[in-house]
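Step one of this worksheet: look at the structure below.
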Amino acid sequence: MRCDRIWRKARLASLARDHEGLGVVERGLVACHDGRIVYAGPANDAPALDAPEIIDCEGRWITPGLIDCHTHLVHGGDRAREFELRLAGATYEEIARAGGGIVSTVAATRAASEADLLAAALTRLDALIAEGATMVEVKSGYGLTLADEARQLRVARRLGQERPVSVRTTFLGAHALPQEAGGDKDAYIALVCGTMIPAIAAEGLADAVDAFCEGIAFSPDQVRRVFEAAAAHGLRVKLHADQLSNLHGAALAAGFGALSADHLEHADEAGVRAMGLAGTVAVLLPGAYYFVRETKAPPIDLFRRHGVPMALATDCNPGTSPLTSLLLTLNMGATLFRLTVDECLAGVTREAAKALGLAHEVGTLEAGKACDLAIWDIDRPAELVYRMGFNPLHARVWRGQ
């Protein structure tokens, strides 16, 4: 079999679903052609392979490239001042109701040039790439007008042109109520559904639609209208759900066949059961949980009991999770949420791919999938979860390169 490149003498964590645990192969080999894996498995079982480039991994570990399936990379400004206020005792809700929070980032984003937005986002993206990320999801939500939301999404698309990384974009117009809406949430949701979603869909700027279902954001009925509009324009949905209270966002997301429901600290068993039946992924965001000093963890045991896949992501954003390290996210998932090593690593590969609707394309080391790899200088996969402030990435491979 003719290949472009072969990686041999490697230990593989394939993450394939039909393998136990991490799908470990001690004496493994990966071969690719035209950016796709043609073989990944035991070297002794490989077909006859021929390639102009053969790379000796010298016993290093290969995992699928890491996937950050929930970020807000494109934004203006920062919220370090609000961080100081939280340290002094102010709550997330108090800061938001006083005009801080998301709306302060909206003002900074609207004021920034497209070049400035791109430059700042590239800095954040580079930090993720340096730790083995080969795919990221990027949400809008800091423009809250059609022009500014579209500008955010265009910048997000450009990230994938400026760097060797795959980018998925999500329209999050229903993130917060802009000040010019005068407090009329229903009128703003009508704008999102009747104007923004049709225009975003027509221009092909978004791969999915998201919303923030919470008391300080939008009600379940308002989110339902957003989801109906998304479906009418052929877009899958995701949801910021049950982060600060239980508005039954998990069940709402599941009812629309959502790719994922994210945060979920206050989700109840009925919502988790609905997610399991719908195949909706739980995207856990320990960076936000840590940063805002939450005390109620997501119901991990319920997710396990009802067969809900669990992904992990940075939630990189200026207000509640200024985090650009998937490796630290792994450690947080284990220490704060008590996920196992296997769950953590699946959460930033296989399950993260599922949360983006791309389980057929990326997330495991299997023939036919994109050749996105992370090659690590470690003795065992647990090191990726156990250590903090440690980046053992030896090489990152995107689409076979």
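The way I read the labels, and the way they are meant: chains A, B, ... in the order of the structure tokens, residue 1 as the first residue of every chain, and ligand 1 as the first ligand shown, with later ones counted on from there.
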Exercise for the section: May I have the residues within 9 Å of A:Gly287 as a ChimeraX atom specification, using only C-alpha atoms and disregarding those fewer than 3 positions away in the same chain? Expected result: /A:290-292,313-316,320-323,328-329,332-333
Please, could you write that set of residues out with N, CA, C and O atoms as a PDB file, in the first residue's frame?
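Everything below was put into again.pdb:
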```pdb
ATOM      1  N   TYR A 290     -13.881  26.484  38.120  1.00  0.00           N
ATOM      2  CA  TYR A 290     -12.779  26.901  38.980  1.00  0.00           C
ATOM      3  C   TYR A 290     -12.717  28.418  39.111  1.00  0.00           C
ATOM      4  O   TYR A 290     -12.594  28.959  40.215  1.00  0.00           O
ATOM      5  N   PHE A 291     -12.828  29.102  37.979  1.00  0.00           N
ATOM      6  CA  PHE A 291     -12.565  30.539  37.959  1.00  0.00           C
ATOM      7  C   PHE A 291     -13.625  31.329  38.720  1.00  0.00           C
ATOM      8  O   PHE A 291     -13.307  32.322  39.385  1.00  0.00           O
ATOM      9  N   VAL A 292     -14.893  30.898  38.626  1.00  0.00           N
ATOM     10  CA  VAL A 292     -15.940  31.621  39.347  1.00  0.00           C
ATOM     11  C   VAL A 292     -16.208  31.013  40.723  1.00  0.00           C
ATOM     12  O   VAL A 292     -17.140  31.391  41.407  1.00  0.00           O
ATOM     13  N   ALA A 313     -13.595  20.900  27.689  1.00  0.00           N
ATOM     14  CA  ALA A 313     -13.154  22.019  26.868  1.00  0.00           C
ATOM     15  C   ALA A 313     -12.699  23.159  27.765  1.00  0.00           C
ATOM     16  O   ALA A 313     -13.012  23.197  28.961  1.00  0.00           O
ATOM     17  N   THR A 314     -11.948  24.094  27.177  1.00  0.00           N
ATOM     18  CA  THR A 314     -11.414  25.203  27.975  1.00  0.00           C
ATOM     19  C   THR A 314     -12.464  26.250  28.311  1.00  0.00           C
ATOM     20  O   THR A 314     -12.346  26.940  29.316  1.00  0.00           O
ATOM     21  N   ASP A 315     -13.492  26.425  27.441  1.00  0.00           N
ATOM     22  CA  ASP A 315     -14.415  27.559  27.553  1.00  0.00           C
ATOM     23  C   ASP A 315     -13.641  28.876  27.528  1.00  0.00           C
ATOM     24  O   ASP A 315     -14.035  29.853  28.181  1.00  0.00           O
ATOM     25  N   CYS A 316     -12.534  28.917  26.808  1.00  0.00           N
ATOM     26  CA  CYS A 316     -11.706  30.125  26.779  1.00  0.00           C
ATOM     27  C   CYS A 316     -12.561  31.351  26.509  1.00  0.00           C
ATOM     28  O   CYS A 316     -13.157  31.485  25.439  1.00  0.00           O
ATOM     29  N   THR A 320     -15.074  34.423  32.443  1.00  0.00           N
ATOM     30  CA  THR A 320     -15.231  33.345  33.414  1.00  0.00           C
ATOM     31  C   THR A 320     -14.291  32.169  33.213  1.00  0.00           C
ATOM     32  O   THR A 320     -14.280  31.250  34.030  1.00  0.00           O
ATOM     33  N   SER A 321     -13.475  32.215  32.158  1.00  0.00           N
ATOM     34  CA  SER A 321     -12.506  31.131  31.951  1.00  0.00           C
ATOM     35  C   SER A 321     -11.415  31.577  30.978  1.00  0.00           C
ATOM     36  O   SER A 321     -11.355  31.100  29.848  1.00  0.00           O
ATOM     37  N   PRO A 322     -10.534  32.487  31.405  1.00  0.00           N
ATOM     38  CA  PRO A 322      -9.452  32.927  30.520  1.00  0.00           C
ATOM     39  C   PRO A 322      -8.353  31.858  30.438  1.00  0.00           C
ATOM     40  O   PRO A 322      -7.197  32.074  30.833  1.00  0.00           O
ATOM     41  N   LEU A 323      -8.725  30.722  29.913  1.00  0.00           N
ATOM     42  CA  LEU A 323      -7.902  29.511  29.939  1.00  0.00           C
ATOM     43  C   LEU A 323      -7.557  29.101  28.510  1.00  0.00           C
ATOM     44  O   LEU A 323      -8.446  28.962  27.666  1.00  0.00           O
ATOM     45  N   LEU A 328      -4.129  21.656  31.128  1.00  0.00           N
ATOM     46  CA  LEU A 328      -4.612  22.027  32.463  1.00  0.00           C
ATOM     47  C   LEU A 328      -6.089  21.672  32.608  1.00  0.00           C
ATOM     48  O   LEU A 328      -6.532  21.261  33.690  1.00  0.00           O
ATOM     49  N   THR A 329      -6.850  21.805  31.538  1.00  0.00           N
ATOM     50  CA  THR A 329      -8.260  21.402  31.573  1.00  0.00           C
ATOM     51  C   THR A 329      -8.392  19.928  31.931  1.00  0.00           C
ATOM     52  O   THR A 329      -9.294  19.542  32.688  1.00  0.00           O
ATOM     53  N   MET A 332      -7.900  19.630  35.635  1.00  0.00           N
ATOM     54  CA  MET A 332      -9.068  20.162  36.336  1.00  0.00           C
ATOM     55  C   MET A 332     -10.241  19.191  36.262  1.00  0.00           C
ATOM     56  O   MET A 332     -10.983  19.015  37.249  1.00  0.00           O
ATOM     57  N   GLY A 333     -10.436  18.570  35.106  1.00  0.00           N
ATOM     58  CA  GLY A 333     -11.526  17.603  34.975  1.00  0.00           C
ATOM     59  C   GLY A 333     -11.373  16.446  35.940  1.00  0.00           C
ATOM     60  O   GLY A 333     -12.358  15.940  36.490  1.00  0.00           O
TER      61      GLY A 333
END
```
Shell of 7 Å around stretch 248-263 of chain A, only C-alpha atoms, local chain residues under 6 positions omitted, as a short mmCIF file (atom, residue, chain, number, x, y, z; two decimals) with all heavy atoms, in the first residue's frame:
```
data_model
loop_
_atom_site.label_atom_id
_atom_site.label_comp_id
_atom_site.auth_asym_id
_atom_site.auth_seq_id
_atom_site.Cartn_x
_atom_site.Cartn_y
_atom_site.Cartn_z
N CYS A 213 -29.06 29.68 28.10
CA CYS A 213 -30.34 29.52 28.77
C CYS A 213 -30.12 29.68 30.27
O CYS A 213 -29.63 28.76 30.95
CB CYS A 213 -30.92 28.13 28.45
SG CYS A 213 -32.58 27.85 29.10
N PRO A 220 -36.15 29.37 28.64
CA PRO A 220 -36.33 28.20 27.78
C PRO A 220 -37.24 28.48 26.58
O PRO A 220 -36.95 28.00 25.47
CB PRO A 220 -36.94 27.17 28.73
CG PRO A 220 -36.41 27.54 30.08
CD PRO A 220 -36.37 29.04 30.07
N ARG A 236 -27.44 22.69 13.13
CA ARG A 236 -27.52 21.96 14.38
C ARG A 236 -27.40 22.93 15.56
O ARG A 236 -26.93 24.06 15.40
CB ARG A 236 -26.40 20.91 14.47
CG ARG A 236 -26.43 19.83 13.40
CD ARG A 236 -27.60 18.89 13.52
NE ARG A 236 -27.64 18.19 14.79
CZ ARG A 236 -27.00 17.03 15.03
NH1 ARG A 236 -26.22 16.49 14.10
NH2 ARG A 236 -27.12 16.43 16.20
N VAL A 237 -27.79 22.48 16.75
CA VAL A 237 -27.79 23.36 17.91
C VAL A 237 -26.96 22.81 19.05
O VAL A 237 -26.71 21.61 19.15
CB VAL A 237 -29.23 23.64 18.39
CG1 VAL A 237 -30.03 24.35 17.30
CG2 VAL A 237 -29.94 22.36 18.83
N LYS A 238 -26.54 23.74 19.92
CA LYS A 238 -25.82 23.47 21.16
C LYS A 238 -26.42 24.39 22.21
O LYS A 238 -27.14 25.34 21.86
CB LYS A 238 -24.32 23.75 20.98
CG LYS A 238 -23.68 23.01 19.81
CD LYS A 238 -22.30 23.53 19.48
CE LYS A 238 -21.28 23.14 20.53
NZ LYS A 238 -21.01 21.68 20.53
N LEU A 239 -26.12 24.17 23.49
CA LEU A 239 -26.74 25.02 24.50
C LEU A 239 -25.85 25.18 25.73
O LEU A 239 -25.34 24.20 26.27
CB LEU A 239 -28.09 24.44 24.95
CG LEU A 239 -28.92 25.30 25.91
CD1 LEU A 239 -29.30 26.63 25.26
CD2 LEU A 239 -30.17 24.56 26.37
N HIS A 240 -25.67 26.44 26.16
CA HIS A 240 -25.15 26.73 27.50
C HIS A 240 -26.31 26.44 28.47
O HIS A 240 -27.27 27.22 28.53
CB HIS A 240 -24.75 28.19 27.63
CG HIS A 240 -23.49 28.57 26.91
ND1 HIS A 240 -23.31 28.42 25.56
CD2 HIS A 240 -22.33 29.11 27.40
CE1 HIS A 240 -22.10 28.86 25.23
NE2 HIS A 240 -21.49 29.29 26.32
N ALA A 241 -26.23 25.36 29.20
CA ALA A 241 -27.40 24.87 29.93
C ALA A 241 -27.11 24.63 31.42
O ALA A 241 -26.06 24.08 31.77
CB ALA A 241 -27.89 23.57 29.30
N ASP A 242 -28.04 25.03 32.26
CA ASP A 242 -28.05 24.64 33.67
C ASP A 242 -26.72 24.93 34.37
O ASP A 242 -26.29 24.17 35.23
CB ASP A 242 -28.40 23.15 33.80
CG ASP A 242 -29.74 22.80 33.17
OD1 ASP A 242 -30.60 23.70 33.07
OD2 ASP A 242 -29.92 21.65 32.74
N GLY A 271 -33.18 15.51 32.91
CA GLY A 271 -32.46 16.12 31.80
C GLY A 271 -31.32 15.25 31.32
O GLY A 271 -31.10 15.11 30.11
N VAL A 272 -30.59 14.66 32.25
CA VAL A 272 -29.48 13.78 31.88
C VAL A 272 -30.00 12.55 31.14
O VAL A 272 -29.41 12.12 30.14
CB VAL A 272 -28.69 13.38 33.14
CG1 VAL A 272 -27.65 12.31 32.81
CG2 VAL A 272 -28.01 14.61 33.76
N ALA A 274 -32.66 12.37 29.33
CA ALA A 274 -33.05 12.81 27.99
C ALA A 274 -31.82 12.98 27.09
O ALA A 274 -31.85 12.63 25.90
CB ALA A 274 -33.82 14.12 28.07
N MET A 275 -30.74 13.49 27.65
CA MET A 275 -29.50 13.63 26.87
C MET A 275 -28.98 12.27 26.42
O MET A 275 -28.54 12.10 25.28
CB MET A 275 -28.43 14.34 27.70
CG MET A 275 -28.69 15.83 27.91
SD MET A 275 -27.44 16.60 28.99
CE MET A 275 -25.94 16.37 28.01
N ALA A 278 -31.01 11.00 23.57
CA ALA A 278 -30.85 11.80 22.35
C ALA A 278 -29.45 11.72 21.76
O ALA A 278 -29.22 12.16 20.63
CB ALA A 278 -31.21 13.25 22.63
N THR A 280 -26.96 13.41 23.04
CA THR A 280 -26.38 14.74 23.25
C THR A 280 -25.19 14.65 24.20
O THR A 280 -25.28 14.06 25.27
CB THR A 280 -27.44 15.69 23.83
OG1 THR A 280 -28.51 15.84 22.88
CG2 THR A 280 -26.86 17.05 24.14
N VAL A 281 -24.08 15.23 23.80
CA VAL A 281 -22.85 15.17 24.60
C VAL A 281 -22.89 16.21 25.72
O VAL A 281 -23.35 17.34 25.52
CB VAL A 281 -21.62 15.43 23.71
CG1 VAL A 281 -20.33 15.43 24.52
CG2 VAL A 281 -21.54 14.38 22.59
N ALA A 282 -22.41 15.83 26.89
CA ALA A 282 -22.21 16.78 27.99
C ALA A 282 -20.82 17.36 27.86
O ALA A 282 -19.83 16.65 27.98
CB ALA A 282 -22.36 16.06 29.33
N VAL A 283 -20.74 18.66 27.60
CA VAL A 283 -19.44 19.33 27.53
C VAL A 283 -19.17 19.98 28.88
O VAL A 283 -19.88 20.92 29.28
CB VAL A 283 -19.39 20.36 26.39
CG1 VAL A 283 -18.04 21.09 26.40
CG2 VAL A 283 -19.59 19.68 25.04
N LEU A 284 -18.17 19.48 29.56
CA LEU A 284 -17.85 19.94 30.91
C LEU A 284 -16.75 20.99 30.84
O LEU A 284 -15.78 20.83 30.10
CB LEU A 284 -17.40 18.76 31.77
CG LEU A 284 -18.37 17.57 31.77
CD1 LEU A 284 -17.80 16.43 32.63
CD2 LEU A 284 -19.74 17.98 32.26
N LEU A 285 -16.90 22.05 31.63
CA LEU A 285 -16.03 23.21 31.53
C LEU A 285 -15.44 23.54 32.89
O LEU A 285 -15.86 24.49 33.57
CB LEU A 285 -16.82 24.39 30.96
CG LEU A 285 -17.51 24.08 29.61
CD1 LEU A 285 -18.48 25.18 29.22
CD2 LEU A 285 -16.48 23.86 28.52
N ALA A 355 -19.16 16.01 20.08
CA ALA A 355 -19.84 17.25 20.46
C ALA A 355 -19.89 18.26 19.32
O ALA A 355 -20.70 19.18 19.34
CB ALA A 355 -19.15 17.88 21.67
N LEU A 356 -19.04 18.08 18.33
CA LEU A 356 -19.04 18.95 17.15
C LEU A 356 -19.70 18.28 15.94
O LEU A 356 -19.70 18.84 14.84
CB LEU A 356 -17.60 19.35 16.80
CG LEU A 356 -16.87 20.16 17.86
CD1 LEU A 356 -15.44 20.46 17.42
CD2 LEU A 356 -17.60 21.46 18.18
N GLY A 357 -20.25 17.09 16.15
CA GLY A 357 -20.88 16.37 15.04
C GLY A 357 -19.88 15.80 14.06
O GLY A 357 -20.21 15.56 12.89
#
```
Problem - Contacts of A:Thr109 within 12 Å, only C-alpha atoms, excl. fewer than 4 positions in-chain, as JSON, numbers by chain - result: {"A": [72, 73, 74, 75, 76, 77, 78, 102, 103, 104, 105, 113, 114, 115, 116, 117, 118, 120, 121, 140, 141, 142, 143, 144, 145, 147, 148, 149, 151, 152, 155, 318]}
Residues from the last selection, N, CA, C and O atoms, saved as a short mmCIF file (atom, residue, chain, number, x, y, z; two decimals), in the first residue's frame:
```
data_model
loop_
_atom_site.label_atom_id
_atom_site.label_comp_id
_atom_site.auth_asym_id
_atom_site.auth_seq_id
_atom_site.Cartn_x
_atom_site.Cartn_y
_atom_site.Cartn_z
N HIS A 72 -14.49 30.72 23.15
CA HIS A 72 -14.93 32.06 22.72
C HIS A 72 -13.66 32.85 22.37
O HIS A 72 -13.40 33.91 22.93
N LEU A 73 -12.86 32.33 21.47
CA LEU A 73 -11.53 32.87 21.21
C LEU A 73 -11.55 34.29 20.66
O LEU A 73 -10.61 35.06 20.90
N VAL A 74 -12.58 34.64 19.89
CA VAL A 74 -12.60 35.94 19.21
C VAL A 74 -13.35 36.96 20.05
O VAL A 74 -14.58 36.89 20.20
N HIS A 75 -12.62 37.89 20.61
CA HIS A 75 -13.25 38.96 21.41
C HIS A 75 -12.26 40.09 21.59
O HIS A 75 -11.05 39.93 21.41
N GLY A 76 -12.77 41.24 21.98
CA GLY A 76 -11.93 42.39 22.30
C GLY A 76 -11.78 42.55 23.81
O GLY A 76 -12.65 42.16 24.58
N GLY A 77 -10.67 43.12 24.22
CA GLY A 77 -10.46 43.47 25.61
C GLY A 77 -10.27 42.29 26.54
O GLY A 77 -10.09 41.16 26.13
N ASP A 78 -10.29 42.60 27.83
CA ASP A 78 -10.25 41.58 28.88
C ASP A 78 -11.13 42.03 30.04
O ASP A 78 -11.71 43.11 29.99
N ILE A 102 -20.76 39.94 30.19
CA ILE A 102 -20.70 39.77 28.75
C ILE A 102 -20.84 41.11 28.03
O ILE A 102 -20.14 41.37 27.04
N VAL A 103 -21.72 41.98 28.51
CA VAL A 103 -21.96 43.22 27.77
C VAL A 103 -20.73 44.13 27.74
O VAL A 103 -20.55 44.91 26.80
N SER A 104 -19.86 44.04 28.74
CA SER A 104 -18.64 44.84 28.70
C SER A 104 -17.70 44.34 27.62
O SER A 104 -17.02 45.13 26.95
N THR A 105 -17.67 43.03 27.42
CA THR A 105 -16.87 42.48 26.32
C THR A 105 -17.49 42.82 24.98
O THR A 105 -16.78 43.01 23.99
N SER A 113 -10.92 46.60 15.79
CA SER A 113 -10.88 46.35 14.35
C SER A 113 -10.80 44.86 14.09
O SER A 113 -10.45 44.07 14.97
N GLU A 114 -11.13 44.46 12.86
CA GLU A 114 -11.05 43.04 12.51
C GLU A 114 -9.61 42.55 12.64
O GLU A 114 -9.37 41.43 13.10
N ALA A 115 -8.65 43.38 12.26
CA ALA A 115 -7.24 43.00 12.39
C ALA A 115 -6.86 42.78 13.85
O ALA A 115 -6.12 41.84 14.18
N ASP A 116 -7.36 43.65 14.74
CA ASP A 116 -7.06 43.50 16.16
C ASP A 116 -7.70 42.23 16.73
O ASP A 116 -7.10 41.53 17.54
N LEU A 117 -8.95 41.97 16.33
CA LEU A 117 -9.61 40.75 16.79
C LEU A 117 -8.85 39.51 16.35
O LEU A 117 -8.68 38.56 17.11
N LEU A 118 -8.40 39.52 15.10
CA LEU A 118 -7.67 38.37 14.57
C LEU A 118 -6.35 38.18 15.31
O LEU A 118 -6.01 37.05 15.71
N ALA A 120 -5.44 39.11 18.30
CA ALA A 120 -5.63 38.65 19.68
C ALA A 120 -6.06 37.20 19.72
O ALA A 120 -5.60 36.41 20.56
N ALA A 121 -6.96 36.80 18.81
CA ALA A 121 -7.43 35.41 18.78
C ALA A 121 -6.31 34.45 18.38
O ALA A 121 -6.24 33.33 18.90
N SER A 140 -19.36 32.97 18.39
CA SER A 140 -19.54 34.42 18.39
C SER A 140 -20.20 34.79 19.72
O SER A 140 -19.97 34.16 20.72
N GLY A 141 -21.03 35.83 19.74
CA GLY A 141 -21.75 36.16 20.97
C GLY A 141 -21.29 37.42 21.66
O GLY A 141 -21.85 37.80 22.70
N TYR A 142 -20.27 38.09 21.11
CA TYR A 142 -19.82 39.34 21.69
C TYR A 142 -20.04 40.53 20.75
O TYR A 142 -19.46 41.60 20.96
N GLY A 143 -20.88 40.32 19.74
CA GLY A 143 -21.24 41.40 18.83
C GLY A 143 -22.66 41.87 19.06
O GLY A 143 -22.94 43.04 19.25
N LEU A 144 -23.59 40.89 19.03
CA LEU A 144 -25.01 41.11 19.34
C LEU A 144 -25.71 42.07 18.37
O LEU A 144 -26.80 42.56 18.67
N THR A 145 -25.08 42.35 17.25
CA THR A 145 -25.75 42.91 16.07
C THR A 145 -25.38 41.99 14.92
O THR A 145 -24.36 41.27 15.00
N ALA A 147 -24.10 42.70 12.03
CA ALA A 147 -22.80 43.05 11.47
C ALA A 147 -21.66 42.60 12.36
O ALA A 147 -20.66 42.04 11.88
N ASP A 148 -21.79 42.78 13.67
CA ASP A 148 -20.70 42.43 14.58
C ASP A 148 -20.60 40.93 14.81
O ASP A 148 -19.50 40.39 14.95
N GLU A 149 -21.74 40.26 14.86
CA GLU A 149 -21.71 38.80 14.97
C GLU A 149 -21.06 38.18 13.73
O GLU A 149 -20.23 37.27 13.83
N ARG A 151 -18.96 39.58 11.77
CA ARG A 151 -17.53 39.92 11.80
C ARG A 151 -16.76 38.96 12.69
O ARG A 151 -15.68 38.47 12.33
N GLN A 152 -17.31 38.64 13.85
CA GLN A 152 -16.67 37.65 14.72
C GLN A 152 -16.52 36.31 14.03
O GLN A 152 -15.47 35.65 14.11
N VAL A 155 -13.81 36.36 11.37
CA VAL A 155 -12.49 36.27 11.99
C VAL A 155 -12.21 34.84 12.43
O VAL A 155 -11.10 34.31 12.25
N PRO A 318 -13.12 35.78 28.13
CA PRO A 318 -12.47 36.79 28.98
C PRO A 318 -13.04 36.95 30.37
O PRO A 318 -12.37 37.50 31.25
#
```
Practice task
Fewer than 5 positions away in the same chain doesn't count, so skip those; otherwise give me all residues within 10 Å of A:Asp68, counting only C-alpha atoms, as an MDAnalysis selection string.
Solution key: chainID A and resid 128 133:138 167 311:316 324:326 329 347:349 352:353 356
Could those selected residues go to a file with N, CA and C atoms, as an mmCIF file, in the first residue's frame?
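Output below, filename selection.cif:
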```cif
data_model
loop_
_atom_site.group_PDB
_atom_site.id
_atom_site.type_symbol
_atom_site.label_atom_id
_atom_site.label_comp_id
_atom_site.auth_asym_id
_atom_site.auth_seq_id
_atom_site.Cartn_x
_atom_site.Cartn_y
_atom_site.Cartn_z
ATOM 1 N N LEU A 128 -3.148 26.997 22.348
ATOM 2 C CA LEU A 128 -3.803 25.696 22.237
ATOM 3 C C LEU A 128 -3.046 24.779 21.288
ATOM 4 N N ALA A 133 -3.442 20.821 20.092
ATOM 5 C CA ALA A 133 -4.788 20.979 19.537
ATOM 6 C C ALA A 133 -4.718 21.008 18.010
ATOM 7 N N THR A 134 -5.579 20.246 17.383
ATOM 8 C CA THR A 134 -5.675 20.226 15.919
ATOM 9 C C THR A 134 -7.044 20.684 15.436
ATOM 10 N N MET A 135 -7.992 20.882 16.353
ATOM 11 C CA MET A 135 -9.320 21.390 16.001
ATOM 12 C C MET A 135 -9.853 22.213 17.163
ATOM 13 N N VAL A 136 -10.489 23.349 16.832
ATOM 14 C CA VAL A 136 -11.134 24.167 17.855
ATOM 15 C C VAL A 136 -12.497 24.617 17.354
ATOM 16 N N GLU A 137 -13.412 24.764 18.290
ATOM 17 C CA GLU A 137 -14.697 25.398 18.014
ATOM 18 C C GLU A 137 -14.611 26.825 18.523
ATOM 19 N N VAL A 138 -15.164 27.778 17.748
ATOM 20 C CA VAL A 138 -15.130 29.181 18.141
ATOM 21 C C VAL A 138 -16.536 29.754 18.032
ATOM 22 N N VAL A 167 -11.168 24.637 12.192
ATOM 23 C CA VAL A 167 -11.998 25.535 12.996
ATOM 24 C C VAL A 167 -13.468 25.295 12.671
ATOM 25 N N ALA A 311 -17.453 15.341 27.201
ATOM 26 C CA ALA A 311 -16.311 16.035 26.613
ATOM 27 C C ALA A 311 -15.793 17.066 27.603
ATOM 28 N N LEU A 312 -14.550 17.480 27.409
ATOM 29 C CA LEU A 312 -13.940 18.542 28.205
ATOM 30 C C LEU A 312 -13.477 19.649 27.260
ATOM 31 N N ALA A 313 -13.595 20.900 27.689
ATOM 32 C CA ALA A 313 -13.154 22.019 26.868
ATOM 33 C C ALA A 313 -12.699 23.159 27.765
ATOM 34 N N THR A 314 -11.948 24.094 27.177
ATOM 35 C CA THR A 314 -11.414 25.203 27.975
ATOM 36 C C THR A 314 -12.464 26.250 28.311
ATOM 37 N N ASP A 315 -13.492 26.425 27.441
ATOM 38 C CA ASP A 315 -14.415 27.559 27.553
ATOM 39 C C ASP A 315 -13.641 28.876 27.528
ATOM 40 N N CYS A 316 -12.534 28.917 26.808
ATOM 41 C CA CYS A 316 -11.706 30.125 26.779
ATOM 42 C C CYS A 316 -12.561 31.351 26.509
ATOM 43 N N THR A 324 -6.286 28.922 28.228
ATOM 44 C CA THR A 324 -5.864 28.494 26.893
ATOM 45 C C THR A 324 -5.001 27.242 26.970
ATOM 46 N N SER A 325 -5.308 26.365 27.909
ATOM 47 C CA SER A 325 -4.550 25.123 28.082
ATOM 48 C C SER A 325 -5.489 23.941 28.203
ATOM 49 N N LEU A 326 -5.513 23.084 27.173
ATOM 50 C CA LEU A 326 -6.288 21.852 27.290
ATOM 51 C C LEU A 326 -5.631 20.877 28.268
ATOM 52 N N THR A 329 -6.850 21.805 31.538
ATOM 53 C CA THR A 329 -8.260 21.402 31.573
ATOM 54 C C THR A 329 -8.392 19.928 31.931
ATOM 55 N N GLY A 347 -12.375 12.852 26.546
ATOM 56 C CA GLY A 347 -13.113 14.104 26.546
ATOM 57 C C GLY A 347 -12.530 15.180 25.658
ATOM 58 N N VAL A 348 -11.234 15.114 25.358
ATOM 59 C CA VAL A 348 -10.618 16.109 24.480
ATOM 60 C C VAL A 348 -10.239 15.513 23.126
ATOM 61 N N THR A 349 -10.773 14.323 22.846
ATOM 62 C CA THR A 349 -10.535 13.687 21.545
ATOM 63 C C THR A 349 -11.864 13.146 21.011
ATOM 64 N N ALA A 352 -15.118 14.986 22.277
ATOM 65 C CA ALA A 352 -15.125 16.356 21.763
ATOM 66 C C ALA A 352 -15.500 16.367 20.286
ATOM 67 N N ALA A 353 -15.014 15.377 19.543
ATOM 68 C CA ALA A 353 -15.398 15.268 18.130
ATOM 69 C C ALA A 353 -16.897 15.046 17.997
ATOM 70 N N LEU A 356 -19.036 18.084 18.325
ATOM 71 C CA LEU A 356 -19.042 18.948 17.150
ATOM 72 C C LEU A 356 -19.701 18.283 15.944
#
```
Problem - Every residue of stretch 92-229 of chain A that DSSP places in strand (DSSP E), as a list in words - result: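 So, restricting stretch 92-229 of chain A to strand (DSSP E), we get Ala133, Thr134, Met135, Val136, Glu137, Val138, Lys139, Ser166, Val167, Arg168, Thr169, Thr170, Phe171, Leu172, Gly173, Ala174, Ala208, Val209, Asp210, Ala211, Phe212 and Cys213 of chain A.
The nearest approach to A:Leu384 among the residues A:Glu180, A:Asp342, A:Glu294, A:Asp50, with only C-alpha atoms taken into account, belongs to A:Asp342.
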